[in-house]
Each structure stands twice: as structure tokens, then as C-alpha cells.
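**Student:** One file is attached below, structure-v1.txt, containing compact mmCIF, C-alpha atoms.
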```txt
# COMPACT_ATOMS: atom_id res chain seq x y z
CA MET A 19 8.51 12.16 -18.80
CA ARG A 20 10.52 12.67 -15.64
CA GLU A 21 7.54 12.21 -13.31
CA LEU A 22 6.70 8.81 -14.75
CA ARG A 23 10.28 7.55 -14.51
CA ALA A 24 10.57 8.77 -10.92
CA ALA A 25 7.26 7.06 -10.09
CA LEU A 26 8.32 3.76 -11.69
CA TRP A 27 11.70 3.75 -9.91
CA GLY A 28 9.94 4.70 -6.69
CA VAL A 29 7.46 1.82 -6.99
CA SER A 30 10.29 -0.61 -7.79
CA ALA A 31 12.37 0.48 -4.81
CA PHE A 32 9.32 0.47 -2.53
CA SER A 33 8.54 -3.12 -3.54
CA LEU A 34 12.09 -4.25 -2.80
CA GLY A 35 12.33 -2.16 0.36
CA TYR A 36 9.10 -3.66 1.62
CA LEU A 37 9.95 -7.29 0.86
CA LEU A 38 13.58 -7.53 1.91
CA PRO A 39 13.60 -6.32 5.56
CA GLY A 40 10.90 -8.80 6.56
CA THR A 41 12.19 -11.80 4.63
CA LEU A 42 15.86 -11.25 5.53
CA ARG A 43 14.95 -10.30 9.12
CA LEU A 44 16.86 -7.04 8.91
CA PRO A 45 16.75 -4.75 11.96
CA THR A 46 13.76 -2.44 11.93
CA LEU A 47 11.59 -0.37 14.20
CA ALA A 48 9.38 -2.61 16.32
CA TYR A 49 6.48 -1.43 18.46
CA ASP A 50 5.18 -3.33 21.46
CA PRO A 51 1.53 -2.26 21.92
CA ILE A 52 1.27 -3.65 25.47
CA ALA A 53 4.53 -2.30 26.88
CA ARG A 54 4.16 0.78 24.63
CA THR A 55 7.82 0.70 23.74
CA VAL A 56 9.61 1.24 20.45
CA GLY A 57 12.86 -0.54 19.66
CA PHE A 58 15.21 -1.07 16.75
CA THR A 59 15.66 -4.81 16.47
CA ALA A 60 15.63 -7.77 14.11
CA GLN A 61 14.04 -10.10 16.65
CA VAL A 62 10.34 -9.33 17.04
CA SER A 63 8.29 -11.65 19.23
CA GLY A 64 4.95 -11.79 21.03
CA VAL A 65 2.57 -8.99 20.27
CA ALA A 66 5.36 -6.66 19.13
CA MET A 67 5.01 -5.69 15.49
CA ARG A 68 7.49 -4.76 12.80
CA TYR A 69 4.92 -3.53 10.25
CA TYR A 70 5.59 0.15 10.96
CA GLY A 71 9.33 -0.35 10.59
CA ASP A 72 9.04 -2.35 7.37
CA LEU A 73 6.73 0.29 5.92
CA LEU A 74 9.23 3.00 6.89
CA TRP A 75 12.04 1.08 5.15
CA ALA A 76 9.92 0.78 2.02
CA CYS A 77 8.85 4.44 2.01
CA ALA A 78 12.45 5.57 2.51
CA ALA A 79 13.65 3.32 -0.34
CA GLY A 80 10.88 4.47 -2.67
CA LEU A 81 11.34 8.17 -1.93
CA CYS A 82 15.14 7.98 -2.24
CA ALA A 83 14.94 6.16 -5.58
CA ALA A 84 12.37 8.61 -6.94
CA ALA A 85 14.45 11.59 -5.77
CA VAL A 86 17.65 10.20 -7.32
CA VAL A 87 15.94 9.60 -10.67
CA TRP A 88 14.23 13.01 -10.49
CA THR A 89 17.59 14.77 -10.15
CA SER A 90 19.58 12.41 -12.39
CA ARG A 91 20.92 13.61 -15.73
CA ARG A 92 21.79 10.13 -17.01
CA PRO A 93 20.11 8.89 -20.22
CA ALA A 94 16.65 7.54 -19.47
CA ARG A 95 15.82 3.84 -19.89
CA PRO A 96 12.80 2.86 -22.02
CA VAL A 97 9.51 3.37 -20.20
CA ALA A 98 8.24 -0.08 -21.16
CA VAL A 99 11.25 -1.74 -19.50
CA LEU A 100 10.85 0.33 -16.32
CA THR A 101 7.11 -0.41 -16.22
CA GLY A 102 7.70 -4.12 -16.66
CA ALA A 103 10.34 -4.14 -13.93
CA ALA A 104 8.17 -2.17 -11.47
CA LEU A 105 5.11 -4.36 -12.00
CA ALA A 106 7.21 -7.55 -11.89
CA LEU A 107 8.59 -6.53 -8.48
CA VAL A 108 5.08 -5.74 -7.22
CA ALA A 109 3.90 -9.11 -8.55
CA LEU A 110 6.83 -10.81 -6.80
CA ASP A 111 5.78 -9.25 -3.49
CA VAL A 112 2.14 -10.26 -4.00
CA ALA A 113 3.12 -13.81 -4.96
CA PHE A 114 5.40 -14.13 -1.92
CA TYR A 115 2.76 -12.95 0.56
CA LEU A 116 0.06 -15.00 -1.17
CA SER A 117 2.24 -18.10 -0.92
CA ARG A 118 2.64 -17.51 2.82
CA LEU A 119 -1.15 -17.33 3.15
CA LEU A 120 -1.73 -20.46 1.09
CA ALA A 121 0.97 -22.36 3.03
CA GLN A 122 -0.92 -21.71 6.26
CA VAL A 123 -4.39 -22.63 5.00
CA MET B 7 -3.87 -2.30 30.48
CA THR B 8 -5.02 -0.14 27.60
CA VAL B 9 -3.70 -0.10 24.06
CA LEU B 10 -2.98 3.06 22.13
CA PHE B 11 -6.21 4.60 20.70
CA GLU B 12 -8.30 1.80 22.23
CA GLY B 13 -10.93 4.21 23.56
CA GLY B 14 -11.65 5.63 20.14
CA ALA B 15 -11.21 2.42 18.17
CA ARG B 16 -14.78 2.27 16.89
CA ALA B 17 -14.73 5.86 15.66
CA LEU B 18 -11.34 5.29 14.05
CA LEU B 19 -12.67 2.15 12.36
CA LEU B 20 -15.64 4.06 10.94
CA VAL B 21 -13.42 6.82 9.55
CA HIS B 22 -11.01 4.16 8.21
CA ALA B 23 -13.92 2.45 6.43
CA VAL B 24 -15.30 5.68 4.93
CA LEU B 25 -11.83 6.65 3.71
CA GLY B 26 -11.41 3.13 2.36
CA PHE B 27 -14.55 3.44 0.22
CA THR B 28 -13.38 6.86 -0.94
CA ALA B 29 -10.02 5.37 -1.92
CA VAL B 30 -11.69 2.48 -3.76
CA PHE B 31 -13.84 4.78 -5.86
CA ALA B 32 -11.17 7.45 -6.45
CA THR B 33 -8.54 4.90 -7.52
CA THR B 34 -11.07 3.14 -9.76
CA HIS B 35 -11.99 6.42 -11.44
CA HIS B 36 -8.31 7.24 -11.86
CA ALA B 37 -7.64 3.85 -13.43
CA VAL B 38 -10.59 4.23 -15.83
CA SER B 39 -9.36 7.72 -16.81
CA ALA B 40 -5.84 6.36 -17.35
CA PHE B 41 -7.17 3.58 -19.59
CA LEU B 42 -9.19 6.13 -21.55
CA ALA B 43 -5.97 8.13 -22.02
CA THR B 44 -4.39 5.09 -23.67
CA ARG B 45 -7.29 5.15 -26.17
CA GLY B 46 -6.45 8.74 -27.10
CA ARG B 47 -9.19 10.44 -25.07
CA SER B 48 -8.41 13.81 -23.48
CA VAL B 49 -8.72 13.09 -19.74
CA GLN B 50 -6.05 15.34 -18.22
CA ARG B 51 -8.48 17.10 -15.89
CA GLN B 52 -9.90 13.77 -14.65
CA LEU B 53 -6.40 12.39 -14.09
CA GLN B 54 -5.46 15.45 -12.04
CA ARG B 55 -8.72 15.54 -10.06
CA PHE B 56 -8.90 11.81 -9.29
CA GLY B 57 -5.15 11.72 -8.74
CA TRP B 58 -5.42 14.16 -5.84
CA MET B 59 -8.50 12.43 -4.45
CA ALA B 60 -6.94 8.97 -4.69
CA SER B 61 -3.64 10.09 -3.12
CA ALA B 62 -5.26 12.01 -0.28
CA SER B 63 -7.79 9.29 0.55
CA ILE B 64 -5.31 6.41 0.46
CA VAL B 65 -2.74 8.25 2.60
CA ALA B 66 -5.41 9.27 5.13
CA GLN B 67 -6.83 5.75 5.14
CA ALA B 68 -3.38 4.28 5.71
CA LEU B 69 -2.73 6.63 8.64
CA PHE B 70 -6.03 5.67 10.30
CA GLY B 71 -5.27 2.01 9.64
CA LEU B 72 -1.84 2.36 11.24
CA ALA B 73 -3.44 4.05 14.25
CA LEU B 74 -5.91 1.15 14.60
CA TYR B 75 -3.31 -1.57 14.16
CA PRO B 76 -2.16 -1.93 17.80
CA VAL B 77 -5.77 -2.39 18.98
CA TYR B 78 -6.38 -5.00 16.27
CA ARG B 79 -3.14 -6.74 17.16
CA VAL B 80 -3.92 -7.10 20.87
CA ARG B 81 -7.74 -7.19 21.14
CA VAL B 82 -8.70 -8.97 17.92
CA ARG B 83 -5.74 -10.96 16.66
CA PHE B 84 -4.17 -12.24 19.87
CA ALA B 85 -7.31 -12.26 21.99
CA ASP B 86 -9.53 -14.04 19.46
CA LEU B 87 -8.53 -14.80 15.87
CA GLU B 88 -5.25 -16.64 16.56
CA ARG B 89 -7.25 -19.29 18.44
CA SER B 90 -10.58 -19.22 16.63
CA ALA B 91 -9.60 -18.46 13.03
CA PRO B 92 -5.85 -18.56 12.26
CA ALA B 93 -6.55 -18.45 8.52
CA VAL B 94 -8.24 -15.08 8.98
CA VAL B 95 -5.09 -13.80 10.71
CA GLN B 96 -3.06 -14.75 7.65
CA LEU B 97 -5.69 -13.18 5.40
CA PHE B 98 -5.43 -9.91 7.33
CA ASP B 99 -1.62 -10.03 7.05
CA LEU B 100 -2.05 -10.34 3.28
CA LYS B 101 -4.37 -7.33 3.35
CA GLU B 102 -1.70 -5.25 5.13
CA HIS B 103 0.86 -6.12 2.48
CA LEU B 104 -1.54 -5.44 -0.39
CA SER B 105 -2.43 -2.08 1.17
CA ALA B 106 1.22 -1.08 1.41
CA LEU B 107 1.90 -1.99 -2.22
CA ALA B 108 -1.31 -0.24 -3.31
CA LEU B 109 -0.13 2.90 -1.52
CA ALA B 110 3.05 3.02 -3.62
CA LEU B 111 1.23 2.21 -6.87
CA VAL B 112 -1.54 4.76 -6.35
CA LEU B 113 0.85 7.55 -5.31
CA GLY B 114 3.10 6.75 -8.27
CA ALA B 115 0.21 6.63 -10.73
CA SER B 116 -1.25 9.89 -9.39
CA PHE B 117 2.12 11.65 -9.56
CA ALA B 118 2.80 10.44 -13.11
CA GLY B 119 -0.80 10.91 -14.29
CA ARG B 120 -0.74 14.53 -13.16
CA ALA B 121 1.99 15.27 -15.71
CA LEU B 122 0.67 13.09 -18.55
CA GLN B 123 0.23 15.26 -21.65
CA PRO B 124 -2.50 14.73 -24.28
CA ASP B 125 0.15 14.06 -26.91
CA ALA B 126 2.25 11.77 -24.71
CA PRO B 127 3.76 8.65 -26.33
CA ALA B 128 1.60 5.54 -26.09
CA ALA B 129 4.18 3.81 -23.88
CA GLU B 130 3.85 6.55 -21.26
CA SER B 131 0.06 6.55 -21.12
CA ARG B 132 0.09 2.74 -21.00
CA ALA B 133 2.59 2.85 -18.11
CA VAL B 134 0.35 5.22 -16.13
CA ALA B 135 -2.65 2.98 -16.87
CA ALA B 136 -0.74 -0.10 -15.72
CA LEU B 137 0.32 1.54 -12.44
CA SER B 138 -3.15 2.93 -11.83
CA GLY B 139 -4.99 -0.27 -12.76
CA CYS B 140 -2.78 -2.46 -10.56
CA GLY B 141 -3.11 0.03 -7.70
CA ALA B 142 -6.90 0.06 -7.97
CA ALA B 143 -7.03 -3.75 -8.09
CA LEU B 144 -4.95 -4.00 -4.90
CA VAL B 145 -7.11 -1.37 -3.18
CA TRP B 146 -10.23 -3.37 -4.08
CA ALA B 147 -8.67 -6.59 -2.76
CA ALA B 148 -7.57 -4.92 0.48
CA ALA B 149 -11.02 -3.37 0.97
CA LEU B 150 -12.83 -6.69 0.48
CA ILE B 151 -10.48 -8.55 2.85
CA GLY B 152 -10.82 -5.73 5.39
CA LEU B 153 -14.62 -5.97 5.24
CA TYR B 154 -14.48 -9.74 5.72
CA VAL B 155 -12.17 -9.56 8.74
CA THR B 156 -14.21 -6.73 10.25
CA ALA B 157 -17.36 -8.81 9.84
CA ARG B 158 -15.65 -11.60 11.83
CA HIS B 159 -14.51 -9.40 14.70
CA PRO B 160 -14.46 -5.60 14.50
CA VAL B 161 -12.03 -3.66 16.67
CA GLY B 162 -13.73 -1.90 19.56
CA THR B 163 -15.93 -4.90 20.43
CA PRO B 164 -15.21 -7.55 23.06
```
Will you turn the file into C-alpha cells for me?

**Tutor:**
Amino acid sequence: MRELRAALWGVSAFSLGYLLPGTLRLPTLAYDPIARTVGFTAQVSGVAMRYYGDLLWACAAGLCAAAVVWTSRRPARPVAVLTGAALALVALDVAFYLSRLLAQV
Amino acid sequence: MTVLFEGGARALLLVHAVLGFTAVFATTHHAVSAFLATRGRSVQRQLQRFGWMASASIVAQALFGLALYPVYRVRVRFADLERSAPAVVQLFDLKEHLSALALALVLGASFAGRALQPDAPAAESRAVAALSGCGAALVWAAALIGLYVTARHPVGTP
């Protein structure tokens, strides 16, 4: 089923695209709510926030991966493998953010 | 100094909460329907109906949450919680991340569930159920953390 494979690749790419920009401090859109300015930077400090930018990275990665798989004519991988990979990447994200919470408490 | 959407923060929070409850129930129903599909039950109409409801509610809820975020950041997080309850700040950060991952899972499960046929292979229906179940679990977690943080200090209050 093409829809399922596109969804699984999309979820996998979203998980990676969400985790990597923040952890590797890649440049992203940052919004300063006090100055009301938007910038493209890797260094975010004070009240400025990179959440919007990281979410945009993740959405772009997920949509691109889903679109590539949707249009691809290559032989499909087994659904069970794709499902395991997608859920493992989501679990990796959850474990990473949970570990940050537990390290602070 | 005013923050974006600060004047309407309370109204935005109410709409965000209502959409959050809608997302919780729609994603839960979708997950239950997807699990029933793995047992061989014919639930295509439920998967389509709850798929649209779950997708629409979680996207709308996310947009309202993103609109509220600058007010939370300045008036709640930096003005209060960072000094009085730093653990709650970290908890809210976790909620943001869980919400983002839930968004991808729920949209993926809804998109795939829409096309799931009654005679689909077991691996496919199990994959949709796994995506949908994990998405619903993350939505529940995000909703409960959101309620807890809001109980500590809602946006729109001094």
C-alpha cells in the first residue's frame, strides 16, 4: 500500500528532521518574541526560540520523504521493517527528550 | 512591551484546550478502530471518519499552540516558572516535543488508515494500528502535561 509506505517514511524522516537540528545546533529559524524579529541562526539565546524552525525542518523532511516514496518506482521494502524503523526513530526521540528532562530533575 | 497575541491569550488557550480534548478523543477512536482492523473487523468508515477528525483537530490544535507559544515563553516561562519551578519548564519542553512527534504519527496513521482495505495483509493493518496507537498515546501524554502546566500558571494571567 503506497499510502502506508509514504506515511512510514514520512514519520521516520520527521523524527530525524526534528531531532537533528536541535541536537547538532544546525541553523534554523529563530523568533524573538520581545524584539519581534525572525532570524536564521544556530545560536539562539535569551527568550528567542527555535521551536518553530525545528518544527519546519521536521515537516519539510517528513513531507519530502513521503513525496519521494509516493512517486518512487523502486521495489518496496517490507512493511514490518519500515514500521519498526519508524517507531524506533520516534522512540529514540522520546528517549532523548525524556533523558533531558530526567537529567534536570 | 506586548507579545504577539498577548491580548487574546486566554481565548486562544480555551480554544487550544477544546481542540486538545477533541484531538485526544478522535485519535483514541482512530487507534481503537485500527486495532479492531487488525482483528479482522470491517472498520473502514470509522478509520476514514476518525482519520479526518484526528488530523483536523491535531493540526488546528498545533496552530493555536504555536500562536500561544510566545506568550507562554515570555509571561509564564521566563517571568515565573524558570525561577519558581524549573522542573515544570523541562516538563513543558517535553510536552512540545511529544506534541510534534504525535502530529507526524497521527497524520501518518490517518493518511494510511484512509486507504486501508478490508482485505489488506495483516502486516499493513498492524502497521496502521502501531502508528495510530503510538500517536494517541503521545497525544494523551501531551494533553496531561499541558493540563498540569496550565494548572500551575495559565497564560493570560499575571

**Student:** In terms of the shortest atom-to-atom distance over only C-alpha atoms, which of B:Gly114, B:Pro127, B:Gly14, B:Gly162 is closest to B:Val82?

**Tutor:** B:Gly162

**Student:** Using all atoms listed in the file and a cut-off of 6 Å, which residues of chain A sit close to chain B? Please list them as a short mmCIF file (atom, residue, chain, number, x, y, z; two decimals) with C-alpha atoms, keeping the file's coordinate frame.

**Tutor:**
```
data_model
loop_
_atom_site.label_atom_id
_atom_site.label_comp_id
_atom_site.auth_asym_id
_atom_site.auth_seq_id
_atom_site.Cartn_x
_atom_site.Cartn_y
_atom_site.Cartn_z
CA GLU A 21 7.54 12.21 -13.31
CA LEU A 22 6.70 8.81 -14.75
CA ALA A 25 7.26 7.06 -10.09
CA VAL A 29 7.46 1.82 -6.99
CA PRO A 51 1.53 -2.26 21.92
CA THR A 101 7.11 -0.41 -16.22
CA LEU A 119 -1.15 -17.33 3.15
CA VAL A 123 -4.39 -22.63 5.00
#
```

**Student:** Report, in Å to a single decimal, how far apart atom CA of A:Leu37 and atom CA of A:Ala78 are.

**Tutor:**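 Rounded to one decimal, the two atoms are 13.2 Å apart.
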
**Student:** Quote the spacing between atom CA of B:Ala40 and atom CA of B:Ala135 in Å to one decimal place.

**Tutor:** 4.7 Å

**Student:** Go through A:Phe58, A:Phe32, A:Tyr69, A:Trp27 and flag the residue nearest A:Val97, using all atoms listed in the file for the distances.

**Tutor:**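 Answer, going by the shortest atom-to-atom distance: A:Trp27.
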
**Student:** Padding of 5 Å on every side, edges along x, y and z, all listed atoms of stretch 73-83 of chain A included: what centre and edge lengths in Å, to one decimal, does that box have, as AutoDock Vina command-line options?

**Tutor:**
```
--center_x 10.9 --center_y 4.2 --center_z 0.7 --size_x 18.4 --size_y 17.9 --size_z 22.5
```

**Student:** Could you check which of A:Val56, A:Met19, A:Ala84, A:Ala109 is closest to A:Gly71, using all atoms listed in the file?

**Tutor:**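 Among the listed residues, the smallest separation from A:Gly71 belongs to A:Val56.
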
**Student:** Taking 6 positions as the minimum chain separation for residues in the same chain, which residues sit within 12 Å of A:Thr89 when counting only C-alpha atoms? Answer as number ranges by chain.

**Tutor:** A: 20-21, 23-24, 82-83

**Student:** Take atom CA of B:Arg55 and atom CA of B:Leu20 and report the distance between them in Å, one decimal.

**Tutor:**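 The value is 24.9 Å.
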
**Student:** Write out as number ranges by chain which residues come within 10 Å of B:Ala66 when counting all atoms listed in the file, dropping same-chain ones fewer than 2 positions away.

**Tutor:** B: 21-22, 25-26, 29, 60-64, 68-72

**Student:** So that I can see what lies close to B:Val145, please list as a ChimeraX atom specification the residues with an atom at most 8 Å from it, counting only C-alpha atoms and leaving out residues fewer than 2 positions away in the same chain.

**Tutor:** /B:29-30,33,104-105,108,141-143,147-149

**Student:** Pick the closest to A:Leu38 from A:Leu107, A:Arg54, A:Ser117, A:Ser63: which is it, counting all atoms listed in the file?

**Tutor:** A:Leu107

**Student:** Show which residues sit within 10 Å of A:Leu47, as JSON, numbers by chain. Count all atoms listed in the file, and ignore same-chain residues fewer than 4 positions away.

**Tutor:** {"A": [56, 57, 58, 59, 60, 62, 67, 68, 69, 70, 71, 72, 73, 74, 75]}
